[in-house]
file input-v7.csv (CSV, N, CA and C atoms)
chain,number,residue,atom,x,y,z
G,664,MET,N,0.8,-1.2,0.0
G,664,MET,CA,0.0,0.0,0.0
G,664,MET,C,0.9,1.2,0.0
G,665,VAL,N,0.3,2.3,-0.6
G,665,VAL,CA,1.1,3.5,-0.8
G,665,VAL,C,1.0,4.3,0.5
G,666,TYR,N,0.0,4.1,1.3
G,666,TYR,CA,-0.2,4.9,2.5
G,666,TYR,C,0.8,4.6,3.6
G,667,PHE,N,1.2,3.4,3.7
G,667,PHE,CA,2.0,2.9,4.8
G,667,PHE,C,3.4,3.6,4.7
G,668,PRO,N,4.1,3.6,3.6
G,668,PRO,CA,5.4,4.2,3.6
G,668,PRO,C,5.4,5.7,3.8
G,669,ILE,N,4.3,6.4,3.3
G,669,ILE,CA,4.1,7.8,3.6
G,669,ILE,C,4.0,8.1,5.1
G,670,ALA,N,3.2,7.3,5.7
G,670,ALA,CA,2.9,7.4,7.1
G,670,ALA,C,4.2,7.2,7.9
G,671,LYS,N,4.9,6.1,7.6
G,671,LYS,CA,6.2,5.8,8.3
G,671,LYS,C,7.2,7.0,8.1
G,672,LEU,N,7.3,7.5,6.9
G,672,LEU,CA,8.2,8.6,6.7
G,672,LEU,C,7.8,9.8,7.5
G,673,THR,N,6.5,10.1,7.6
G,673,THR,CA,6.0,11.2,8.4
G,673,THR,C,6.3,11.0,9.9
G,674,TYR,N,6.1,9.7,10.3
G,674,TYR,CA,6.4,9.4,11.7
G,674,TYR,C,7.8,9.7,12.0
G,675,LEU,N,8.7,9.3,11.1
G,675,LEU,CA,10.2,9.5,11.4
G,675,LEU,C,10.5,11.0,11.4
G,676,ILE,N,9.9,11.8,10.5
G,676,ILE,CA,10.1,13.2,10.5
G,676,ILE,C,9.6,13.8,11.8
G,677,VAL,N,8.4,13.5,12.1
G,677,VAL,CA,7.8,14.0,13.4
G,677,VAL,C,8.6,13.7,14.6
G,678,ARG,N,9.1,12.4,14.6
G,678,ARG,CA,9.9,12.0,15.8
G,678,ARG,C,11.2,12.8,15.9
G,679,GLN,N,11.8,13.0,14.7
G,679,GLN,CA,13.1,13.8,14.7
G,679,GLN,C,12.9,15.2,15.2
G,680,ILE,N,11.8,15.8,14.7
G,680,ILE,CA,11.5,17.2,15.0
G,680,ILE,C,11.2,17.3,16.5
G,681,THR,N,10.3,16.4,17.0
G,681,THR,CA,9.9,16.5,18.4
G,681,THR,C,11.1,16.2,19.3
G,682,GLN,N,11.9,15.3,19.0
G,682,GLN,CA,13.1,15.0,19.8
G,682,GLN,C,14.1,16.1,19.8
G,683,SER,N,14.2,16.8,18.7
G,683,SER,CA,15.2,17.9,18.6
G,683,SER,C,14.7,19.1,19.4
G,684,LEU,N,13.4,19.2,19.6
G,684,LEU,CA,12.8,20.3,20.3
G,684,LEU,C,12.9,20.0,21.8
G,685,GLY,N,13.1,18.8,22.2
G,685,GLY,CA,13.3,18.5,23.6
G,685,GLY,C,12.0,18.3,24.4
G,686,GLN,N,10.9,18.2,23.7
G,686,GLN,CA,9.7,18.1,24.5
G,686,GLN,C,9.4,16.6,24.9
G,687,PRO,N,8.9,15.8,24.1
G,687,PRO,CA,8.7,14.4,24.6
G,687,PRO,C,10.0,13.6,24.4
G,688,LYS,N,10.2,12.7,25.3
G,688,LYS,CA,11.4,11.9,25.2
G,688,LYS,C,11.1,10.6,24.4
G,689,PHE,N,9.9,10.3,24.3
G,689,PHE,CA,9.5,9.0,23.6
G,689,PHE,C,8.3,9.3,22.7
G,690,VAL,N,8.4,8.9,21.4
G,690,VAL,CA,7.3,9.0,20.5
G,690,VAL,C,6.9,7.6,20.2
G,691,PRO,N,5.7,7.1,20.5
G,691,PRO,CA,5.4,5.7,20.3
G,691,PRO,C,5.3,5.4,18.8
G,692,PRO,N,5.7,4.2,18.4
G,692,PRO,CA,5.7,3.9,17.0
G,692,PRO,C,4.2,3.7,16.6
G,693,LEU,N,4.0,3.9,15.3
G,693,LEU,CA,2.7,3.7,14.7
G,693,LEU,C,2.4,2.3,14.5
G,694,ASN,N,1.1,1.9,14.8
G,694,ASN,CA,0.7,0.6,14.4
G,694,ASN,C,0.2,0.6,12.9
G,695,ASN,N,-0.1,-0.5,12.3
G,695,ASN,CA,-0.4,-0.5,10.9
G,695,ASN,C,-1.7,0.3,10.6
G,696,ALA,N,-2.7,0.2,11.5
G,696,ALA,CA,-4.0,0.9,11.2
G,696,ALA,C,-3.7,2.4,11.3
G,697,MET,N,-3.0,2.9,12.3
G,697,MET,CA,-2.7,4.3,12.4
G,697,MET,C,-1.8,4.8,11.2
G,698,ALA,N,-0.9,3.9,10.8
G,698,ALA,CA,0.0,4.3,9.7
G,698,ALA,C,-0.8,4.4,8.4
G,699,ILE,N,-1.7,3.5,8.2
G,699,ILE,CA,-2.6,3.6,7.0
G,699,ILE,C,-3.5,4.8,7.0
G,700,GLU,N,-4.1,5.1,8.2
G,700,GLU,CA,-4.9,6.3,8.3
G,700,GLU,C,-4.1,7.6,8.1
G,701,THR,N,-3.0,7.7,8.8
G,701,THR,CA,-2.2,8.9,8.6
G,701,THR,C,-1.7,9.1,7.2
G,702,GLY,N,-1.2,8.0,6.6
G,702,GLY,CA,-0.8,8.1,5.2
G,702,GLY,C,-1.9,8.5,4.3
G,703,SER,N,-3.1,8.0,4.5
G,703,SER,CA,-4.2,8.3,3.6
G,703,SER,C,-4.6,9.8,3.8
G,704,ASN,N,-4.5,10.3,5.0
G,704,ASN,CA,-4.8,11.7,5.3
G,704,ASN,C,-3.8,12.6,4.6
G,705,ILE,N,-2.6,12.2,4.7
G,705,ILE,CA,-1.5,13.1,4.1
G,705,ILE,C,-1.7,13.0,2.6
G,706,LEU,N,-1.9,11.9,2.0
G,706,LEU,CA,-2.1,11.8,0.6
G,706,LEU,C,-3.3,12.5,0.1
G,707,GLY,N,-4.4,12.5,0.8
G,707,GLY,CA,-5.6,13.2,0.5
G,707,GLY,C,-5.3,14.7,0.5
G,708,GLU,N,-4.6,15.2,1.6
G,708,GLU,CA,-4.4,16.6,1.7
G,708,GLU,C,-3.4,17.1,0.6
G,709,LEU,N,-2.5,16.3,0.2
G,709,LEU,CA,-1.6,16.6,-0.9
G,709,LEU,C,-2.3,16.7,-2.2
G,710,THR,N,-3.3,15.8,-2.4
G,710,THR,CA,-4.1,15.8,-3.6
G,710,THR,C,-4.9,17.0,-3.7
G,711,ILE,N,-5.6,17.4,-2.6
G,711,ILE,CA,-6.4,18.6,-2.6
G,711,ILE,C,-5.5,19.8,-2.8
G,712,LEU,N,-4.3,19.9,-2.2
G,712,LEU,CA,-3.4,21.0,-2.4
G,712,LEU,C,-3.0,21.1,-3.8
G,713,THR,N,-2.6,20.0,-4.5
G,713,THR,CA,-2.2,19.9,-5.9
G,713,THR,C,-3.3,20.4,-6.8
G,714,ILE,N,-4.6,20.0,-6.5
G,714,ILE,CA,-5.7,20.4,-7.3
G,714,ILE,C,-5.9,21.9,-7.2
G,715,GLY,N,-5.8,22.4,-5.9
G,715,GLY,CA,-6.0,23.9,-5.7
G,715,GLY,C,-5.0,24.7,-6.4
G,716,ILE,N,-3.7,24.3,-6.3
G,716,ILE,CA,-2.6,25.0,-7.0
G,716,ILE,C,-2.8,25.0,-8.5
G,717,SER,N,-3.2,23.8,-9.0
G,717,SER,CA,-3.4,23.7,-10.4
G,717,SER,C,-4.5,24.6,-10.9
G,718,LEU,N,-5.6,24.7,-10.1
G,718,LEU,CA,-6.7,25.6,-10.5
G,718,LEU,C,-6.3,27.1,-10.5
G,719,ILE,N,-5.4,27.5,-9.5
G,719,ILE,CA,-5.0,28.8,-9.4
G,719,ILE,C,-4.1,29.1,-10.7
G,720,ILE,N,-3.2,28.2,-11.0
G,720,ILE,CA,-2.3,28.4,-12.2
G,720,ILE,C,-3.1,28.5,-13.5
G,721,LEU,N,-4.1,27.6,-13.6
G,721,LEU,CA,-5.0,27.7,-14.8
G,721,LEU,C,-5.7,29.0,-14.9
G,722,GLU,N,-6.3,29.5,-13.8
G,722,GLU,CA,-7.0,30.7,-13.8
G,722,GLU,C,-6.1,31.9,-14.2
G,723,PHE,N,-4.9,31.9,-13.6
G,723,PHE,CA,-3.9,32.9,-13.9
G,723,PHE,C,-3.6,33.0,-15.4
G,724,THR,N,-3.3,31.8,-16.0
G,724,THR,CA,-3.0,31.8,-17.4
G,724,THR,C,-4.1,32.2,-18.3
G,725,ARG,N,-5.4,31.8,-17.8
G,725,ARG,CA,-6.5,32.2,-18.6
G,725,ARG,C,-6.7,33.7,-18.6
G,726,GLN,N,-6.5,34.3,-17.4
G,726,GLN,CA,-6.7,35.8,-17.4
G,726,GLN,C,-5.6,36.5,-18.2
G,727,ALA,N,-4.3,35.9,-18.1
G,727,ALA,CA,-3.2,36.5,-18.9
G,727,ALA,C,-3.5,36.4,-20.4
G,728,ARG,N,-4.1,35.3,-20.8
G,728,ARG,CA,-4.4,35.1,-22.2
G,728,ARG,C,-5.5,36.1,-22.6
G,729,ASN,N,-6.5,36.3,-21.8
G,729,ASN,CA,-7.6,37.3,-22.1
G,729,ASN,C,-7.1,38.7,-22.1
G,730,ASP,N,-6.2,39.0,-21.2
G,730,ASP,CA,-5.6,40.4,-21.2
G,730,ASP,C,-4.8,40.6,-22.5
G,731,MET,N,-4.0,39.6,-22.9
G,731,MET,CA,-3.3,39.7,-24.2
G,731,MET,C,-4.2,39.9,-25.4
G,732,LYS,N,-5.3,39.2,-25.4
G,732,LYS,CA,-6.3,39.4,-26.5
G,732,LYS,C,-6.8,40.9,-26.5
G,733,LYS,N,-7.2,41.4,-25.3
G,733,LYS,CA,-7.7,42.7,-25.2
G,733,LYS,C,-6.6,43.7,-25.7
G,734,HIS,N,-5.4,43.5,-25.3
G,734,HIS,CA,-4.3,44.5,-25.7
G,734,HIS,C,-4.1,44.4,-27.2
G,735,ASP,N,-4.2,43.2,-27.7
G,735,ASP,CA,-4.0,43.1,-29.2
G,735,ASP,C,-5.2,43.8,-29.9
G,736,GLN,N,-6.4,43.6,-29.4
G,736,GLN,CA,-7.5,44.3,-30.0
G,736,GLN,C,-7.4,45.8,-30.0
G,737,HIS,N,-6.9,46.3,-28.8
G,737,HIS,CA,-6.7,47.8,-28.6
G,737,HIS,C,-5.6,48.3,-29.6
G,738,ARG,N,-4.6,47.5,-29.7
G,738,ARG,CA,-3.5,47.9,-30.6
G,738,ARG,C,-4.0,48.0,-32.1
G,739,ALA,N,-4.8,47.0,-32.5
G,739,ALA,CA,-5.4,47.0,-33.8
G,739,ALA,C,-6.3,48.1,-34.0
G,740,GLN,N,-7.2,48.4,-33.0
G,740,GLN,CA,-8.1,49.6,-33.2
G,740,GLN,C,-7.3,50.9,-33.3
G,741,ARG,N,-6.3,51.0,-32.5
G,741,ARG,CA,-5.5,52.2,-32.5
G,741,ARG,C,-4.8,52.4,-33.9
G,742,LYS,N,-4.2,51.3,-34.4
G,742,LYS,CA,-3.6,51.3,-35.7
G,742,LYS,C,-4.6,51.7,-36.8
G,743,ASN,N,-5.8,51.1,-36.7
G,743,ASN,CA,-6.8,51.5,-37.7
G,743,ASN,C,-7.2,53.0,-37.6
G,744,MET,N,-7.3,53.5,-36.4
G,744,MET,CA,-7.6,54.9,-36.2
G,744,MET,C,-6.5,55.8,-36.7
G,745,GLU,N,-5.3,55.4,-36.5
G,745,GLU,CA,-4.1,56.2,-37.0
G,745,GLU,C,-4.1,56.2,-38.5
G,746,ASN,N,-4.4,55.0,-39.1
G,746,ASN,CA,-4.5,55.0,-40.6
G,746,ASN,C,-5.6,55.9,-41.1
G,747,GLU,N,-6.8,55.8,-40.5
G,747,GLU,CA,-7.9,56.7,-40.9
G,747,GLU,C,-7.5,58.2,-40.8
G,748,ILE,N,-6.8,58.5,-39.7
G,748,ILE,CA,-6.4,59.9,-39.5
G,748,ILE,C,-5.5,60.3,-40.6
G,749,ASP,N,-4.5,59.5,-41.0
G,749,ASP,CA,-3.6,59.8,-42.1
G,749,ASP,C,-4.3,59.9,-43.4
G,750,ILE,N,-5.3,59.1,-43.6
G,750,ILE,CA,-6.1,59.2,-44.9
G,750,ILE,C,-6.9,60.5,-44.9
G,751,LEU,N,-7.5,60.9,-43.8
G,751,LEU,CA,-8.2,62.2,-43.7
G,751,LEU,C,-7.2,63.4,-43.9
G,752,LYS,N,-6.0,63.3,-43.3
G,752,LYS,CA,-5.1,64.4,-43.5
G,752,LYS,C,-4.7,64.5,-45.0
G,753,ASP,N,-4.5,63.4,-45.6
G,753,ASP,CA,-4.2,63.4,-47.0
G,753,ASP,C,-5.3,64.1,-47.8
G,754,ARG,N,-6.5,63.7,-47.5
G,754,ARG,CA,-7.7,64.2,-48.2
G,754,ARG,C,-7.8,65.7,-48.0
G,755,ILE,N,-7.6,66.2,-46.8
G,755,ILE,CA,-7.6,67.6,-46.5
G,755,ILE,C,-6.6,68.4,-47.3
G,756,ASN,N,-5.3,67.8,-47.3
G,756,ASN,CA,-4.3,68.5,-48.0
G,756,ASN,C,-4.6,68.5,-49.5
G,757,ARG,N,-5.2,67.5,-50.1
G,757,ARG,CA,-5.6,67.5,-51.5
G,757,ARG,C,-6.6,68.6,-51.7
G,758,GLN,N,-7.6,68.7,-50.8
G,758,GLN,CA,-8.6,69.7,-51.0
G,758,GLN,C,-8.1,71.1,-50.8
G,759,ILE,N,-7.1,71.3,-49.9
G,759,ILE,CA,-6.5,72.6,-49.8
G,759,ILE,C,-5.8,73.0,-51.1
G,760,ASN,N,-5.1,72.0,-51.6
G,760,ASN,CA,-4.4,72.3,-52.9
G,760,ASN,C,-5.3,72.6,-54.0
G,761,GLU,N,-6.4,71.8,-54.1
G,761,GLU,CA,-7.4,72.1,-55.1
G,761,GLU,C,-8.1,73.4,-55.0
G,762,MET,N,-8.3,73.9,-53.7
G,762,MET,CA,-8.9,75.2,-53.5
G,762,MET,C,-7.9,76.3,-53.9
G,763,LYS,N,-6.6,76.1,-53.6
G,763,LYS,CA,-5.6,77.1,-54.1
G,763,LYS,C,-5.6,77.1,-55.6
G,764,ASN,N,-5.6,76.0,-56.2
G,764,ASN,CA,-5.5,75.9,-57.7
G,764,ASN,C,-6.8,76.6,-58.3
G,765,LEU,N,-7.9,76.3,-57.7
G,765,LEU,CA,-9.1,77.0,-58.2
G,765,LEU,C,-9.1,78.5,-58.0
G,766,LYS,N,-8.5,79.0,-56.9
G,766,LYS,CA,-8.4,80.4,-56.7
G,766,LYS,C,-7.5,81.0,-57.7
G,767,VAL,N,-6.4,80.4,-58.0
G,767,VAL,CA,-5.5,80.9,-59.0
G,767,VAL,C,-6.1,81.0,-60.4
G,768,LYS,N,-6.9,79.9,-60.8
G,768,LYS,CA,-7.6,79.9,-62.0
G,768,LYS,C,-8.6,81.0,-62.1
G,769,LEU,N,-9.3,81.2,-61.0
G,769,LEU,CA,-10.3,82.3,-61.0
G,769,LEU,C,-9.7,83.6,-61.1
G,770,THR,N,-8.6,83.9,-60.5
G,770,THR,CA,-8.0,85.2,-60.6
G,770,THR,C,-7.4,85.4,-62.0
G,771,GLU,N,-7.0,84.3,-62.6
G,771,GLU,CA,-6.5,84.4,-64.0
G,771,GLU,C,-7.7,84.8,-64.9
G,772,LEU,N,-8.9,84.3,-64.6
G,772,LEU,CA,-10.0,84.6,-65.5
G,772,LEU,C,-10.6,86.0,-65.1
G,773,GLY,N,-10.1,86.6,-64.1
G,773,GLY,CA,-10.6,87.9,-63.7
G,773,GLY,C,-11.7,87.9,-62.8
G,774,VAL,N,-12.1,86.8,-62.3
G,774,VAL,CA,-13.2,86.7,-61.3
G,774,VAL,C,-12.6,86.9,-59.9
G,775,SER,N,-13.2,87.9,-59.3
G,775,SER,CA,-12.7,88.1,-57.9
G,775,SER,C,-13.6,87.3,-56.9
G,776,LEU,N,-13.0,86.5,-56.2
G,776,LEU,CA,-13.8,85.6,-55.3
G,776,LEU,C,-13.0,85.6,-54.0
G,777,GLU,N,-13.6,86.0,-53.0
G,777,GLU,CA,-13.0,86.0,-51.7
G,777,GLU,C,-13.2,84.7,-51.0
G,778,ILE,N,-12.1,84.0,-50.8
G,778,ILE,CA,-12.2,82.8,-50.1
G,778,ILE,C,-11.5,83.1,-48.8
G,779,GLU,N,-12.2,83.0,-47.7
G,779,GLU,CA,-11.7,83.4,-46.4
G,779,GLU,C,-11.0,82.1,-45.8
G,780,ASN,N,-10.0,82.4,-45.1
G,780,ASN,CA,-9.3,81.5,-44.3
G,780,ASN,C,-9.0,80.1,-45.0
G,781,VAL,N,-8.3,80.2,-46.1
G,781,VAL,CA,-7.9,79.0,-46.7
G,781,VAL,C,-6.9,78.3,-45.7
G,782,PRO,N,-7.2,77.1,-45.3
G,782,PRO,CA,-6.3,76.5,-44.3
G,782,PRO,C,-5.0,76.1,-44.9
G,783,LYS,N,-4.0,76.1,-44.0
G,783,LYS,CA,-2.7,75.6,-44.5
G,783,LYS,C,-2.7,74.1,-44.4
G,784,LYS,N,-1.7,73.5,-45.0
G,784,LYS,CA,-1.6,72.1,-45.0
G,784,LYS,C,-1.5,71.5,-43.6
G,785,CYS,N,-2.1,70.3,-43.4
G,785,CYS,CA,-2.0,69.6,-42.1
G,785,CYS,C,-0.7,69.0,-41.9

call {"tool": "encode", "arguments": {"input": "input-v7.csv", "output": "structure tokens"}}
result
Amino acid sequence: MVYFPIAKLTYLIVRQITQSLGQPKFVPPLNNAMAIETGSNILGELTILTIGISLIILEFTRQARNDMKKHDQHRAQRKNMENEIDILKDRINRQINEMKNLKVKLTELGVSLEIENVPKKC
């Protein structure tokens, strides 16, 4: 049985610790029933501890993955917005140039047209 060696090892560790502390002078040996019960308790607690730690690690990695997805989405949105802003700046600059060209052509034709506040290039 797996429980028996675990319990015996625990018994030896506890005996060494308690004897080094100087409290009891004699730790009675475990009988087979107590060894099996103690070993099964220790094994059960280790199993529960392992499951708990595993769940914490899984939750941490899941949250980290979700955060990375959110950051990637925000980066993509920002890049799209920057591209759209660049497109709009180019369009504005083209329109400003077109307005200036039209103003020059109108003055060549002798038509006086007051265009107020022709913006400068972006």

call {"tool": "closest_residue", "arguments": {"input": "input-v7.csv", "among": "G:Leu712, G:Met744, G:Met697, G:Leu751", "to": "Tyr674 of chain G", "atoms": "only C-alpha atoms"}}
result
G:Met697

call {"tool": "atom_distance", "arguments": {"input": "input-v7.csv", "atom1": "atom C of Asp753 of chain G", "atom2": "atom N of Leu765 of chain G"}}
result
15.9 Å

call {"tool": "atom_distance", "arguments": {"input": "input-v7.csv", "atom1": "atom N of Pro691 of chain G", "atom2": "atom C of Lys671 of chain G"}}
result
12.5 Å

call {"tool": "residues_around", "arguments": {"input": "input-v7.csv", "residues": "Ile699 of chain G", "least_positions_apart": "3", "cutoff": "12 Å", "atoms": "only C-alpha atoms", "output": "VMD selection string"}}
result
chain G and resid 664 to 674 693 to 696 702 to 707

call {"tool": "write_last_selection", "arguments": {"input": "input-v7.csv", "atoms": "N, CA and C atoms", "output": "mmCIF file, in the coordinates of the input"}}
result
data_model
loop_
_atom_site.group_PDB
_atom_site.id
_atom_site.type_symbol
_atom_site.label_atom_id
_atom_site.label_comp_id
_atom_site.auth_asym_id
_atom_site.auth_seq_id
_atom_site.Cartn_x
_atom_site.Cartn_y
_atom_site.Cartn_z
ATOM 1 N N MET G 664 0.800 -1.200 0.000
ATOM 2 C CA MET G 664 0.000 0.000 0.000
ATOM 3 C C MET G 664 0.900 1.200 0.000
ATOM 4 N N VAL G 665 0.300 2.300 -0.600
ATOM 5 C CA VAL G 665 1.100 3.500 -0.800
ATOM 6 C C VAL G 665 1.000 4.300 0.500
ATOM 7 N N TYR G 666 0.000 4.100 1.300
ATOM 8 C CA TYR G 666 -0.200 4.900 2.500
ATOM 9 C C TYR G 666 0.800 4.600 3.600
ATOM 10 N N PHE G 667 1.200 3.400 3.700
ATOM 11 C CA PHE G 667 2.000 2.900 4.800
ATOM 12 C C PHE G 667 3.400 3.600 4.700
ATOM 13 N N PRO G 668 4.100 3.600 3.600
ATOM 14 C CA PRO G 668 5.400 4.200 3.600
ATOM 15 C C PRO G 668 5.400 5.700 3.800
ATOM 16 N N ILE G 669 4.300 6.400 3.300
ATOM 17 C CA ILE G 669 4.100 7.800 3.600
ATOM 18 C C ILE G 669 4.000 8.100 5.100
ATOM 19 N N ALA G 670 3.200 7.300 5.700
ATOM 20 C CA ALA G 670 2.900 7.400 7.100
ATOM 21 C C ALA G 670 4.200 7.200 7.900
ATOM 22 N N LYS G 671 4.900 6.100 7.600
ATOM 23 C CA LYS G 671 6.200 5.800 8.300
ATOM 24 C C LYS G 671 7.200 7.000 8.100
ATOM 25 N N LEU G 672 7.300 7.500 6.900
ATOM 26 C CA LEU G 672 8.200 8.600 6.700
ATOM 27 C C LEU G 672 7.800 9.800 7.500
ATOM 28 N N THR G 673 6.500 10.100 7.600
ATOM 29 C CA THR G 673 6.000 11.200 8.400
ATOM 30 C C THR G 673 6.300 11.000 9.900
ATOM 31 N N TYR G 674 6.100 9.700 10.300
ATOM 32 C CA TYR G 674 6.400 9.400 11.700
ATOM 33 C C TYR G 674 7.800 9.700 12.000
ATOM 34 N N LEU G 693 4.000 3.900 15.300
ATOM 35 C CA LEU G 693 2.700 3.700 14.700
ATOM 36 C C LEU G 693 2.400 2.300 14.500
ATOM 37 N N ASN G 694 1.100 1.900 14.800
ATOM 38 C CA ASN G 694 0.700 0.600 14.400
ATOM 39 C C ASN G 694 0.200 0.600 12.900
ATOM 40 N N ASN G 695 -0.100 -0.500 12.300
ATOM 41 C CA ASN G 695 -0.400 -0.500 10.900
ATOM 42 C C ASN G 695 -1.700 0.300 10.600
ATOM 43 N N ALA G 696 -2.700 0.200 11.500
ATOM 44 C CA ALA G 696 -4.000 0.900 11.200
ATOM 45 C C ALA G 696 -3.700 2.400 11.300
ATOM 46 N N GLY G 702 -1.200 8.000 6.600
ATOM 47 C CA GLY G 702 -0.800 8.100 5.200
ATOM 48 C C GLY G 702 -1.900 8.500 4.300
ATOM 49 N N SER G 703 -3.100 8.000 4.500
ATOM 50 C CA SER G 703 -4.200 8.300 3.600
ATOM 51 C C SER G 703 -4.600 9.800 3.800
ATOM 52 N N ASN G 704 -4.500 10.300 5.000
ATOM 53 C CA ASN G 704 -4.800 11.700 5.300
ATOM 54 C C ASN G 704 -3.800 12.600 4.600
ATOM 55 N N ILE G 705 -2.600 12.200 4.700
ATOM 56 C CA ILE G 705 -1.500 13.100 4.100
ATOM 57 C C ILE G 705 -1.700 13.000 2.600
ATOM 58 N N LEU G 706 -1.900 11.900 2.000
ATOM 59 C CA LEU G 706 -2.100 11.800 0.600
ATOM 60 C C LEU G 706 -3.300 12.500 0.100
ATOM 61 N N GLY G 707 -4.400 12.500 0.800
ATOM 62 C CA GLY G 707 -5.600 13.200 0.500
ATOM 63 C C GLY G 707 -5.300 14.700 0.500
#
